[in-house]
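The file upload-v2.cif comes next; it holds mmCIF, C-alpha atoms.
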data_start
loop_
_atom_site.label_atom_id
_atom_site.label_comp_id
_atom_site.auth_asym_id
_atom_site.auth_seq_id
_atom_site.Cartn_x
_atom_site.Cartn_y
_atom_site.Cartn_z
CA MET Y 1 -23.46 1.44 -21.11
CA ASP Y 2 -26.78 2.82 -19.86
CA GLN Y 3 -27.22 -0.26 -17.68
CA VAL Y 4 -23.72 0.16 -16.22
CA ILE Y 5 -24.48 3.77 -15.26
CA ASP Y 6 -27.82 2.60 -13.89
CA ILE Y 7 -26.14 -0.04 -11.71
CA PHE Y 8 -23.46 2.45 -10.61
CA PHE Y 9 -25.93 5.04 -9.29
CA ASN Y 10 -28.59 2.61 -8.11
CA GLY Y 11 -25.92 0.56 -6.37
CA ILE Y 12 -24.50 3.46 -4.38
CA ALA Y 13 -27.98 4.77 -3.61
CA GLY Y 14 -29.15 1.28 -2.64
CA VAL Y 15 -26.27 0.73 -0.20
CA PHE Y 16 -26.87 4.09 1.47
CA LEU Y 17 -30.62 3.45 1.58
CA GLY Y 18 -30.09 0.05 3.18
CA ILE Y 19 -27.63 1.40 5.73
CA SER Y 20 -29.81 4.46 6.48
CA VAL Y 21 -32.85 2.30 7.18
CA LEU Y 22 -30.70 0.05 9.35
CA TYR Y 23 -29.50 3.16 11.22
CA ILE Y 24 -33.10 4.19 11.88
CA ALA Y 25 -33.92 0.62 12.96
CA ILE Y 26 -30.99 0.68 15.43
CA ARG Y 27 -32.25 3.96 16.95
CA ILE Y 28 -35.83 2.67 17.21
CA ASN Y 29 -34.61 -0.62 18.66
CA ALA Y 30 -32.56 1.26 21.27
CA ALA Y 31 -35.51 3.48 22.19
CA ILE Y 32 -37.96 0.57 22.53
CA CYS Y 33 -35.51 -1.56 24.51
CA GLY Y 34 -34.77 1.42 26.76
CA ARG Y 35 -38.48 1.91 27.49
CA VAL Y 36 -39.07 -1.78 28.17
CA LEU Y 37 -36.18 -1.85 30.62
CA ASN Y 38 -37.33 1.36 32.35
CA LYS Y 39 -40.84 -0.05 32.80
CA SER Y 40 -39.56 -3.31 34.21
CA GLU Y 41 -37.47 -1.39 36.75
CA MET X 1 2.16 -49.70 -21.86
CA VAL X 2 -1.29 -48.34 -21.02
CA PHE X 3 -0.18 -47.89 -17.42
CA PHE X 4 2.81 -45.79 -18.47
CA GLU X 5 0.73 -43.69 -20.85
CA ASN X 6 -1.67 -42.91 -18.00
CA MET X 7 0.99 -41.95 -15.51
CA GLY X 8 0.60 -38.36 -14.39
CA LEU X 9 4.31 -37.81 -14.86
CA PHE X 10 4.06 -38.16 -18.64
CA ASN X 11 1.02 -35.89 -18.87
CA LEU X 12 2.45 -32.90 -17.05
CA THR X 13 2.45 -29.62 -18.97
CA TRP X 14 4.51 -26.50 -18.34
CA GLU X 15 1.30 -24.61 -17.52
CA MET X 16 0.64 -27.06 -14.70
CA LEU X 17 4.15 -26.52 -13.36
CA VAL X 18 3.56 -22.74 -13.35
CA MET X 19 0.41 -23.35 -11.32
CA TRP X 20 2.40 -25.50 -8.91
CA ILE X 21 4.53 -22.42 -8.25
CA VAL X 22 1.36 -20.43 -7.56
CA GLY X 23 0.20 -23.19 -5.18
CA PHE X 24 3.57 -23.33 -3.42
CA LEU X 25 3.61 -19.54 -3.09
CA LEU X 26 0.19 -19.54 -1.42
CA ILE X 27 1.26 -22.31 0.96
CA TYR X 28 4.49 -20.40 1.66
CA PHE X 29 2.64 -17.14 2.43
CA ALA X 30 0.24 -19.03 4.70
CA VAL X 31 2.89 -20.98 6.59
CA ALA X 32 5.90 -18.65 6.64
CA LYS X 33 4.21 -15.24 6.61
CA ASN X 34 0.96 -16.16 8.36
CA TYR X 35 -1.06 -14.38 5.64
CA GLU X 36 -4.70 -15.53 6.06
CA PRO X 37 -3.43 -19.11 6.66
CA LEU X 38 -6.87 -20.55 7.35
CA LEU X 39 -7.88 -19.96 3.75
CA LEU X 40 -4.65 -19.60 1.78
CA LEU X 41 -3.29 -22.95 2.99
CA PRO X 42 -6.20 -25.11 1.73
CA ILE X 43 -6.48 -22.91 -1.39
CA GLY X 44 -2.77 -23.43 -2.12
CA PHE X 45 -3.11 -27.19 -1.72
CA GLY X 46 -6.25 -27.15 -3.87
CA VAL X 47 -4.26 -25.41 -6.61
CA LEU X 48 -1.68 -28.21 -6.52
CA LEU X 49 -4.39 -30.88 -6.72
CA ALA X 50 -6.16 -29.14 -9.59
CA ASN X 51 -2.94 -29.13 -11.58
CA LEU X 52 -1.99 -32.76 -11.21
CA PRO X 53 -2.76 -34.59 -14.44
CA MET X 54 -5.11 -37.57 -14.77
CA THR X 55 -6.54 -37.33 -11.24
CA GLY X 56 -10.13 -36.62 -12.24
CA LEU X 57 -10.64 -34.79 -8.94
CA MET X 58 -12.49 -31.98 -10.73
CA MET X 59 -14.13 -34.21 -13.36
CA VAL X 60 -17.77 -33.19 -13.80
CA ASP X 61 -20.22 -35.53 -12.00
CA GLU X 62 -17.43 -37.83 -10.84
CA GLY X 63 -14.55 -35.97 -9.20
CA LEU X 64 -14.39 -35.84 -5.40
CA ILE X 65 -13.52 -32.15 -5.21
CA TRP X 66 -15.96 -31.32 -8.00
CA ARG X 67 -18.74 -32.72 -5.80
CA VAL X 68 -17.58 -30.62 -2.85
CA TYR X 69 -17.40 -27.58 -5.14
CA GLN X 70 -20.83 -28.25 -6.59
CA LEU X 71 -22.49 -28.72 -3.23
CA GLY X 72 -20.65 -26.05 -1.31
CA ILE X 73 -20.08 -23.24 -3.75
CA LYS X 74 -22.36 -23.75 -6.74
CA TRP X 75 -25.31 -24.47 -4.46
CA GLU X 76 -24.33 -21.57 -2.18
CA VAL X 77 -23.91 -23.63 0.98
CA PHE X 78 -20.42 -22.67 2.17
CA PRO X 79 -20.47 -18.83 2.17
CA PRO X 80 -23.71 -18.63 4.22
CA LEU X 81 -22.34 -21.20 6.69
CA ILE X 82 -19.18 -19.11 7.08
CA PHE X 83 -21.46 -16.12 7.74
CA LEU X 84 -23.27 -18.14 10.42
CA GLY X 85 -19.95 -18.54 12.19
CA LEU X 86 -18.98 -14.91 11.64
CA GLY X 87 -22.28 -13.81 13.15
CA ALA X 88 -21.64 -15.96 16.20
CA LEU X 89 -18.20 -14.38 16.52
CA THR X 90 -19.37 -10.78 16.07
CA ASP X 91 -20.10 -8.33 18.85
CA PHE X 92 -22.37 -5.60 17.51
CA GLY X 93 -21.87 -3.59 20.72
CA PRO X 94 -19.41 -1.02 19.24
CA LEU X 95 -21.75 -0.41 16.30
CA LEU X 96 -24.88 -0.10 18.45
CA SER X 97 -23.22 2.28 20.89
CA GLN X 98 -22.32 4.73 18.09
CA PRO X 99 -24.78 3.99 15.26
CA LYS X 100 -23.70 6.99 13.19
CA LEU X 101 -20.48 5.11 12.39
CA ILE X 102 -22.52 2.68 10.30
CA PHE X 103 -22.40 5.19 7.42
CA LEU X 104 -18.64 4.68 7.14
CA GLY X 105 -19.35 1.07 6.20
CA ALA X 106 -21.66 2.30 3.44
CA ALA X 107 -19.18 4.87 2.15
CA ALA X 108 -16.50 2.24 1.71
CA GLN X 109 -18.74 0.52 -0.85
CA VAL X 110 -18.35 3.50 -3.19
CA GLY X 111 -15.00 1.96 -4.16
CA VAL X 112 -16.83 -1.20 -5.22
CA TYR X 113 -19.03 0.69 -7.66
CA ILE X 114 -16.21 2.86 -9.02
CA THR X 115 -14.25 -0.33 -9.72
CA PHE X 116 -17.31 -1.90 -11.35
CA PHE X 117 -17.45 1.03 -13.74
CA THR X 118 -13.68 0.93 -14.36
CA ALA X 119 -13.59 -2.84 -14.98
CA PHE X 120 -16.42 -2.54 -17.49
CA GLU X 121 -14.57 0.25 -19.29
CA ILE X 122 -11.46 -1.94 -19.47
CA GLY X 123 -13.41 -4.63 -21.29
CA PHE X 124 -14.89 -7.06 -18.76
CA ASP X 125 -18.58 -7.82 -19.13
CA MET X 126 -20.94 -6.57 -16.41
CA GLN X 127 -21.06 -9.85 -14.48
CA GLU X 128 -17.27 -10.09 -14.43
CA ALA X 129 -16.90 -6.41 -13.54
CA ALA X 130 -19.24 -6.82 -10.56
CA THR X 131 -17.33 -9.88 -9.35
CA ILE X 132 -14.01 -8.05 -9.54
CA ALA X 133 -15.45 -4.93 -7.90
CA ILE X 134 -16.73 -6.75 -4.83
CA ILE X 135 -13.09 -7.57 -3.93
CA GLY X 136 -13.02 -3.93 -2.71
CA GLY X 137 -15.38 -4.96 0.07
CA ALA X 138 -12.53 -7.14 1.40
CA ASP X 139 -14.91 -9.91 2.33
CA GLY X 140 -13.88 -13.38 1.12
CA PRO X 141 -17.15 -15.32 1.51
CA THR X 142 -19.16 -12.52 -0.15
CA THR X 143 -16.69 -12.43 -3.05
CA ILE X 144 -17.00 -16.21 -3.52
CA PHE X 145 -20.79 -16.03 -3.17
CA LEU X 146 -21.11 -13.35 -5.86
CA ALA X 147 -18.55 -14.98 -8.16
CA ALA X 148 -20.40 -18.30 -7.98
CA HIS X 149 -23.53 -16.53 -9.22
CA LEU X 150 -22.14 -14.14 -11.79
CA ALA X 151 -18.74 -15.36 -13.01
CA PRO X 152 -17.89 -18.89 -11.79
CA HIS X 153 -14.77 -18.99 -13.98
CA MET X 154 -13.31 -16.18 -11.85
CA ILE X 155 -13.90 -17.68 -8.40
CA GLY X 156 -10.31 -18.78 -7.83
CA ALA X 157 -8.61 -15.57 -8.92
CA CYS X 158 -11.10 -13.31 -7.12
CA ALA X 159 -10.98 -15.32 -3.89
CA VAL X 160 -7.18 -15.35 -3.84
CA ALA X 161 -7.10 -11.61 -4.60
CA ALA X 162 -9.63 -10.86 -1.83
CA TYR X 163 -7.85 -12.94 0.81
CA SER X 164 -4.42 -11.68 -0.25
CA TYR X 165 -5.46 -8.05 0.05
CA MET X 166 -7.14 -8.76 3.39
CA ALA X 167 -3.81 -10.12 4.59
CA LEU X 168 -2.01 -7.09 3.16
CA VAL X 169 -4.25 -4.53 4.89
CA PRO X 170 -1.38 -3.38 7.17
CA ILE X 171 0.68 -2.57 4.07
CA ILE X 172 -1.99 -1.18 1.71
CA GLN X 173 -4.03 1.03 4.02
CA PRO X 174 -1.59 3.14 6.11
CA PRO X 175 -0.16 5.21 3.20
CA ILE X 176 -3.70 6.09 2.02
CA MET X 177 -4.76 6.90 5.59
CA LYS X 178 -1.79 9.21 6.11
CA LEU X 179 -2.19 10.83 2.71
CA LEU X 180 -5.82 11.76 3.31
CA THR X 181 -5.59 12.92 6.93
CA SER X 182 -3.60 15.60 8.72
CA GLU X 183 -1.63 14.99 11.92
CA THR X 184 -4.26 16.98 13.84
CA GLU X 185 -7.08 14.83 12.44
CA ARG X 186 -5.24 11.63 13.34
CA LYS X 187 -5.00 12.88 16.93
CA ILE X 188 -8.75 13.38 17.35
CA ARG X 189 -9.99 11.43 20.33
CA MET X 190 -13.37 9.83 20.02
CA THR X 191 -16.09 10.43 22.60
CA LYS X 192 -17.29 7.33 24.37
CA GLY X 193 -20.54 5.84 23.08
CA ARG X 194 -23.57 5.00 25.18
CA LYS X 195 -23.95 1.74 27.05
CA VAL X 196 -25.68 -0.99 25.04
CA THR X 197 -28.09 -3.24 26.93
CA ALA X 198 -28.25 -7.02 26.55
CA LEU X 199 -31.88 -6.76 25.40
CA GLU X 200 -30.88 -4.41 22.59
CA LYS X 201 -28.18 -6.83 21.47
CA VAL X 202 -30.67 -9.73 21.37
CA CYS X 203 -33.24 -7.75 19.40
CA PHE X 204 -30.75 -6.29 16.91
CA PRO X 205 -30.04 -9.39 14.76
CA VAL X 206 -33.77 -10.04 14.32
CA VAL X 207 -34.51 -6.41 13.44
CA ALA X 208 -31.48 -6.12 11.16
CA ALA X 209 -32.31 -9.34 9.27
CA LEU X 210 -35.88 -8.19 8.65
CA VAL X 211 -34.91 -4.67 7.57
CA ILE X 212 -32.02 -5.60 5.28
CA ILE X 213 -33.76 -8.55 3.62
CA LEU X 214 -36.89 -6.46 3.02
CA ILE X 215 -34.78 -3.86 1.22
CA VAL X 216 -32.37 -6.20 -0.62
CA PRO X 217 -33.96 -9.69 -0.76
CA ALA X 218 -31.00 -11.08 -2.74
CA SER X 219 -28.78 -10.55 0.31
CA ALA X 220 -30.91 -13.03 2.31
CA PRO X 221 -28.60 -16.09 2.14
CA LEU X 222 -25.72 -14.21 3.76
CA ILE X 223 -27.52 -11.73 6.02
CA SER X 224 -29.95 -14.30 7.42
CA MET X 225 -27.13 -16.63 8.45
CA PHE X 226 -25.03 -13.75 9.79
CA MET X 227 -27.84 -12.54 12.01
CA LEU X 228 -28.88 -16.05 13.06
CA GLY X 229 -25.33 -16.72 14.23
CA ASN X 230 -25.38 -13.45 16.16
CA LEU X 231 -28.74 -14.33 17.71
CA PHE X 232 -27.20 -17.63 18.90
CA ARG X 233 -24.44 -15.60 20.55
CA GLU X 234 -26.48 -12.85 22.14
CA SER X 235 -29.46 -14.90 23.31
CA LYS X 236 -27.10 -16.79 25.65
CA VAL X 237 -29.52 -19.74 25.70
CA VAL X 238 -27.93 -21.83 22.94
CA ASP X 239 -24.27 -21.77 23.87
CA ARG X 240 -23.75 -25.15 22.23
CA LEU X 241 -25.06 -23.90 18.90
CA SER X 242 -23.08 -20.68 19.18
CA ASP X 243 -19.93 -22.62 19.99
CA THR X 244 -20.48 -25.04 17.08
CA ALA X 245 -21.18 -22.23 14.62
CA GLN X 246 -18.07 -20.24 15.50
CA ASN X 247 -15.68 -23.17 15.93
CA SER X 248 -16.32 -26.71 14.63
CA LEU X 249 -18.73 -25.87 11.81
CA MET X 250 -16.79 -22.85 10.60
CA ASN X 251 -13.53 -24.81 10.65
CA ILE X 252 -15.00 -27.71 8.68
CA VAL X 253 -16.54 -25.38 6.10
CA THR X 254 -13.31 -23.38 5.83
CA ILE X 255 -11.35 -26.53 4.93
CA PHE X 256 -13.69 -27.49 2.09
CA LEU X 257 -14.28 -23.93 0.93
CA GLY X 258 -10.54 -23.30 0.59
CA LEU X 259 -9.85 -26.65 -1.04
CA SER X 260 -12.63 -26.37 -3.61
CA VAL X 261 -11.84 -22.72 -4.44
CA GLY X 262 -8.19 -23.67 -4.96
CA ALA X 263 -9.22 -26.60 -7.14
CA THR X 264 -10.99 -24.22 -9.56
CA MET X 265 -7.61 -22.68 -10.37
CA SER X 266 -6.51 -25.02 -13.12
CA ALA X 267 -3.89 -23.75 -15.55
CA ASP X 268 -6.39 -23.26 -18.38
CA THR X 269 -8.64 -20.98 -16.30
CA PHE X 270 -5.96 -19.12 -14.33
CA LEU X 271 -3.11 -18.46 -16.75
CA LYS X 272 -4.78 -15.65 -18.66
CA LYS X 273 -3.99 -11.98 -18.91
CA ASP X 274 -7.40 -11.25 -17.36
CA VAL X 275 -6.09 -12.56 -14.03
CA ILE X 276 -3.49 -9.77 -13.91
CA PHE X 277 -6.30 -7.24 -14.45
CA ILE X 278 -8.35 -8.95 -11.70
CA PHE X 279 -5.52 -8.51 -9.20
CA CYS X 280 -4.84 -4.89 -10.27
CA LEU X 281 -8.51 -3.92 -10.22
CA GLY X 282 -9.02 -5.71 -6.90
CA LEU X 283 -6.22 -3.64 -5.40
CA PHE X 284 -7.68 -0.50 -6.96
CA ALA X 285 -11.11 -1.33 -5.48
CA PHE X 286 -9.58 -1.88 -2.08
CA MET X 287 -7.67 1.41 -2.16
CA ILE X 288 -10.68 3.43 -3.34
CA SER X 289 -12.88 1.81 -0.67
CA THR X 290 -10.35 2.77 2.01
CA ALA X 291 -10.19 6.33 0.69
CA SER X 292 -13.97 6.74 0.41
CA GLY X 293 -14.45 5.59 4.01
CA ILE X 294 -11.93 8.18 5.23
CA LEU X 295 -13.44 10.96 3.09
CA MET X 296 -16.91 10.11 4.39
CA ALA X 297 -15.63 10.48 7.97
CA LYS X 298 -14.13 13.86 7.07
CA GLY X 299 -17.42 14.89 5.46
CA MET X 300 -19.38 13.82 8.55
CA ASN X 301 -17.07 15.95 10.69
CA LEU X 302 -18.35 19.06 8.90
CA ALA X 303 -21.75 18.46 10.46
CA LEU X 304 -20.89 16.76 13.76
CA LYS X 305 -20.35 18.56 17.06
CA ASN X 306 -18.27 15.70 18.50
CA LYS X 307 -15.73 15.09 15.74
CA ILE X 308 -14.83 11.56 14.73
CA ASN X 309 -11.29 10.49 13.93
CA PRO X 310 -11.30 10.11 10.11
CA LEU X 311 -8.90 7.17 10.36
CA ILE X 312 -11.76 4.94 11.48
CA GLY X 313 -13.35 5.44 8.05
CA ALA X 314 -10.67 3.13 6.68
CA ALA X 315 -12.15 0.30 8.74
CA GLY X 316 -15.30 0.49 6.61
CA VAL X 317 -13.75 -2.07 4.27
CA SER X 318 -14.77 -5.22 6.19
CA ALA X 319 -11.49 -7.19 6.66
CA VAL X 320 -12.52 -7.79 10.28
CA PRO X 321 -10.64 -7.19 12.57
CA MET X 322 -7.42 -6.45 10.66
CA ALA X 323 -8.62 -3.07 9.32
CA ALA X 324 -9.63 -1.96 12.83
CA ARG X 325 -6.21 -2.98 14.15
CA VAL X 326 -4.52 -0.93 11.44
CA VAL X 327 -6.62 2.10 12.45
CA GLN X 328 -5.47 1.64 16.04
CA LYS X 329 -1.84 1.38 14.95
CA VAL X 330 -1.87 4.45 12.68
CA GLY X 331 -3.79 6.44 15.31
CA ALA X 332 -1.31 5.46 18.02
CA GLU X 333 1.57 6.68 15.85
CA ALA X 334 0.08 10.20 16.06
CA ASP X 335 -1.01 9.96 19.70
CA LYS X 336 0.15 7.04 21.80
CA LYS X 337 -2.79 7.33 24.19
CA ASN X 338 -5.45 7.44 21.51
CA TYR X 339 -7.36 4.14 21.63
CA LEU X 340 -9.35 3.78 18.42
CA LEU X 341 -9.70 -0.01 18.18
CA MET X 342 -13.18 -0.37 19.68
CA PHE X 343 -14.46 2.66 17.76
CA ALA X 344 -13.09 1.22 14.51
CA MET X 345 -14.90 -2.08 15.11
CA GLY X 346 -18.23 -0.30 14.45
CA PRO X 347 -17.50 0.71 10.84
CA ASN X 348 -15.60 -2.56 10.39
CA ILE X 349 -18.75 -4.60 11.08
CA ALA X 350 -20.87 -2.10 9.15
CA GLY X 351 -18.51 -2.75 6.22
CA VAL X 352 -19.46 -6.45 6.26
CA ILE X 353 -23.14 -5.53 6.12
CA GLY X 354 -22.48 -2.89 3.43
CA THR X 355 -20.58 -5.36 1.24
CA VAL X 356 -23.37 -7.93 1.49
CA ILE X 357 -25.92 -5.27 0.52
CA ALA X 358 -23.71 -4.23 -2.43
CA ALA X 359 -23.45 -7.89 -3.52
CA GLY X 360 -27.23 -8.26 -3.18
CA ILE X 361 -27.78 -5.22 -5.38
CA PHE X 362 -25.42 -6.61 -8.03
CA LEU X 363 -27.32 -9.91 -7.96
CA THR X 364 -30.67 -8.18 -8.22
CA MET X 365 -29.63 -6.10 -11.19
CA LEU X 366 -27.47 -8.59 -13.08
CA LYS X 367 -28.92 -12.07 -12.57
#

Show how you would write the structure in this file as structure tokens.
Amino acid sequence: MDQVIDIFFNGIAGVFLGISVLYIAIRINAAICGRVLNKSE
Amino acid sequence: MVFFENMGLFNLTWEMLVMWIVGFLLIYFAVAKNYEPLLLLPIGFGVLLANLPMTGLMMVDEGLIWRVYQLGIKWEVFPPLIFLGLGALTDFGPLLSQPKLIFLGAAAQVGVYITFFTAFEIGFDMQEAATIAIIGGADGPTTIFLAAHLAPHMIGACAVAAYSYMALVPIIQPPIMKLLTSETERKIRMTKGRKVTALEKVCFPVVAALVIILIVPASAPLISMFMLGNLFRESKVVDRLSDTAQNSLMNIVTIFLGLSVGATMSADTFLKKDVIFIFCLGLFAFMISTASGILMAKGMNLALKNKINPLIGAAGVSAVPMAARVVQKVGAEADKKNYLLMFAMGPNIAGVIGTVIAAGIFLTMLK
């Protein structure tokens, strides 16, 4: 039972962690791409 | 006499005939009702083949379909190839223009974990509970991928449940969406997102693959192929590869995936009371995932200046693009000029990524 509770909480936390890091990566990617394009213009 | 004894006709059992009905039903739903026909049609035919006596099609080491099953599903080849095609078909633009909507795809996975807990309480072991729970992600290839790893004896039932519920999205989701939102909330119009550049779209699959795989390495087979397919699409320099991935290759893989999944549904593995629980829990997972996506959107609205329409939270359950279409339909019922489709595509795609991460976490913790 302990392992089930462990998977339950770690699972939800893991999904949100993964998605949060991806969110940050999207924002950084957008910022870097924006700068590169501005420089090239 | 030996010939007569080995005729299939004399070796039929009533259990096989029951499975024929299941096979015919799947073929009927695919052909007459157009419910996920690309998968349910070959699955239905596979069910018929698996329940014909004396064929040896699924005989270990010898059967034709057994070999396809072993290569494609046991060795994890088919689901990643389907993801390659899905990646080539996916436009991440709606997600990149409003990145905050990605959290709706994560919230929808809460249903997966609640179902995991529930299934375990009912009496399934942890591997089986995880396989059933992932149905809530409404993603067929991910369900098959996880089932092949954790509970191969459940592949057929879980795949049929996942694809059936994906086809039934327009029936299952609207009552939950209406129950959890007010008329005023359903009328909220979304603000337009920023413009996404081509460079950003090319960089995204590479960045996303690195980030996700570094966090959940077990998701690599699916995420890597998904992002590679998308890189084919967005780079615009390998149109032939992109075209092959999203058409010919995906079609070929779909045929054999469906056929071999269907062929796992022999009477002795399918006619059990557990299968009824699988279908009920799968539906439960799907409903909770829909609800948690909507509730997350409502929660986000407490902090956001530009409110989001909570209906789009329902699209967090993968089922691309059906769930997004349902959001558009329910939104249009409240306000005819409210166009939510493109906004719903963001969480819809995020739901695919979220489900793969959830499956990766299950694999990491249970394998």

- Work out how far apart atom CA of X:Gly87 and atom CA of X:Met225 are and give it in Å to one decimal.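 Spanning atom CA of X:Gly87 to atom CA of X:Met225 is a straight-line distance of 7.3 Å.
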
- Task: Write out as an NGL selection string which residues come within 10 Å of Y:Ala30 when counting all atoms listed in the file, dropping same-chain ones fewer than 3 positions away.
- Result: (:Y and (24-27 or 33-36)) or (:X and (96-97 or 196-197 or 199-201 or 203-204))

- Note on the structure: Of X:Val320, X:Ile188, X:Ala108, X:Val47, the one nearest to X:Gly23 when counting all atoms listed in the file is X:Val47

- Item | Best match for closeness to chain Y among X:Ala138, X:Ile102, X:Ala133, X:Leu41, counting all atoms listed in the file | X:Ile102

Mind telling me what the PyMOL selection byres ((chain X and resi 258-261) around 6) catches here, as a tab-separated table (two decimals) with C-alpha atoms, keeping the file's coordinate frame?
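Once written, result16.tsv looks like this:
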chain	number	residue	atom	x	y	z
X	39	LEU	CA	-7.88	-19.96	3.75
X	42	PRO	CA	-6.20	-25.11	1.73
X	43	ILE	CA	-6.48	-22.91	-1.39
X	46	GLY	CA	-6.25	-27.15	-3.87
X	69	TYR	CA	-17.40	-27.58	-5.14
X	156	GLY	CA	-10.31	-18.78	-7.83
X	254	THR	CA	-13.31	-23.38	5.83
X	255	ILE	CA	-11.35	-26.53	4.93
X	256	PHE	CA	-13.69	-27.49	2.09
X	257	LEU	CA	-14.28	-23.93	0.93
X	262	GLY	CA	-8.19	-23.67	-4.96
X	263	ALA	CA	-9.22	-26.60	-7.14
X	264	THR	CA	-10.99	-24.22	-9.56

- When the cut-off is 8 Å and we count all atoms listed in the file, which residues of chain Y are near chain X, given as a PyMOL selection string? chain Y and resi 4-5+7-8+11-12+14-16+18-23+25-27+29-30+33

Would you write out, as a CSV table (one decimal) with C-alpha atoms, in the coordinates of the input, every residue that the PyMOL selection byres ((chain X and resi 84) around 9) captures in this file?
chain,number,residue,atom,x,y,z
X,79,PRO,CA,-20.5,-18.8,2.2
X,80,PRO,CA,-23.7,-18.6,4.2
X,81,LEU,CA,-22.3,-21.2,6.7
X,82,ILE,CA,-19.2,-19.1,7.1
X,83,PHE,CA,-21.5,-16.1,7.7
X,85,GLY,CA,-20.0,-18.5,12.2
X,86,LEU,CA,-19.0,-14.9,11.6
X,87,GLY,CA,-22.3,-13.8,13.2
X,88,ALA,CA,-21.6,-16.0,16.2
X,89,LEU,CA,-18.2,-14.4,16.5
X,222,LEU,CA,-25.7,-14.2,3.8
X,223,ILE,CA,-27.5,-11.7,6.0
X,224,SER,CA,-30.0,-14.3,7.4
X,225,MET,CA,-27.1,-16.6,8.4
X,226,PHE,CA,-25.0,-13.8,9.8
X,227,MET,CA,-27.8,-12.5,12.0
X,228,LEU,CA,-28.9,-16.0,13.1
X,229,GLY,CA,-25.3,-16.7,14.2
X,230,ASN,CA,-25.4,-13.4,16.2
X,245,ALA,CA,-21.2,-22.2,14.6
X,246,GLN,CA,-18.1,-20.2,15.5
X,250,MET,CA,-16.8,-22.8,10.6

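Closest to X:Pro221 among X:Phe10, X:Phe78, X:Phe277, X:Tyr339 is X:Phe78, based on all atoms listed in the file.
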
- Task: Using the chain letters and numbering of this document, enumerate as a PyMOL selection string the residues selected by the PyMOL selection byres ((chain X and resi 167) around 10).
- Result: chain X and resi 29-30+33-37+40+138+161-166+168-172+319+322-323

Generate a file of the selected residues that holds C-alpha atoms, formatted as a PDB file, keeping the file's coordinate frame.
ATOM      1  CA  PHE X  29       2.640 -17.140   2.430  1.00  0.00           C
ATOM      2  CA  ALA X  30       0.240 -19.030   4.700  1.00  0.00           C
ATOM      3  CA  LYS X  33       4.210 -15.240   6.610  1.00  0.00           C
ATOM      4  CA  ASN X  34       0.960 -16.160   8.360  1.00  0.00           C
ATOM      5  CA  TYR X  35      -1.060 -14.380   5.640  1.00  0.00           C
ATOM      6  CA  GLU X  36      -4.700 -15.530   6.060  1.00  0.00           C
ATOM      7  CA  PRO X  37      -3.430 -19.110   6.660  1.00  0.00           C
ATOM      8  CA  LEU X  40      -4.650 -19.600   1.780  1.00  0.00           C
ATOM      9  CA  ALA X 138     -12.530  -7.140   1.400  1.00  0.00           C
ATOM     10  CA  ALA X 161      -7.100 -11.610  -4.600  1.00  0.00           C
ATOM     11  CA  ALA X 162      -9.630 -10.860  -1.830  1.00  0.00           C
ATOM     12  CA  TYR X 163      -7.850 -12.940   0.810  1.00  0.00           C
ATOM     13  CA  SER X 164      -4.420 -11.680  -0.250  1.00  0.00           C
ATOM     14  CA  TYR X 165      -5.460  -8.050   0.050  1.00  0.00           C
ATOM     15  CA  MET X 166      -7.140  -8.760   3.390  1.00  0.00           C
ATOM     16  CA  LEU X 168      -2.010  -7.090   3.160  1.00  0.00           C
ATOM     17  CA  VAL X 169      -4.250  -4.530   4.890  1.00  0.00           C
ATOM     18  CA  PRO X 170      -1.380  -3.380   7.170  1.00  0.00           C
ATOM     19  CA  ILE X 171       0.680  -2.570   4.070  1.00  0.00           C
ATOM     20  CA  ILE X 172      -1.990  -1.180   1.710  1.00  0.00           C
ATOM     21  CA  ALA X 319     -11.490  -7.190   6.660  1.00  0.00           C
ATOM     22  CA  MET X 322      -7.420  -6.450  10.660  1.00  0.00           C
ATOM     23  CA  ALA X 323      -8.620  -3.070   9.320  1.00  0.00           C
TER      24      ALA X 323
END

- Any idea what's packed within 12 Å of X:Ser182, counting only C-alpha atoms, ignoring anything in its chain fewer than 6 positions away? Could you give it as a count of residues only? 10

- Among listed residues X:Val2, X:Ala291, X:Leu271, X:Ile122, nearest X:Leu179 (using all atoms listed in the file):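 Under the stated criterion, the closest residue is X:Ala291.
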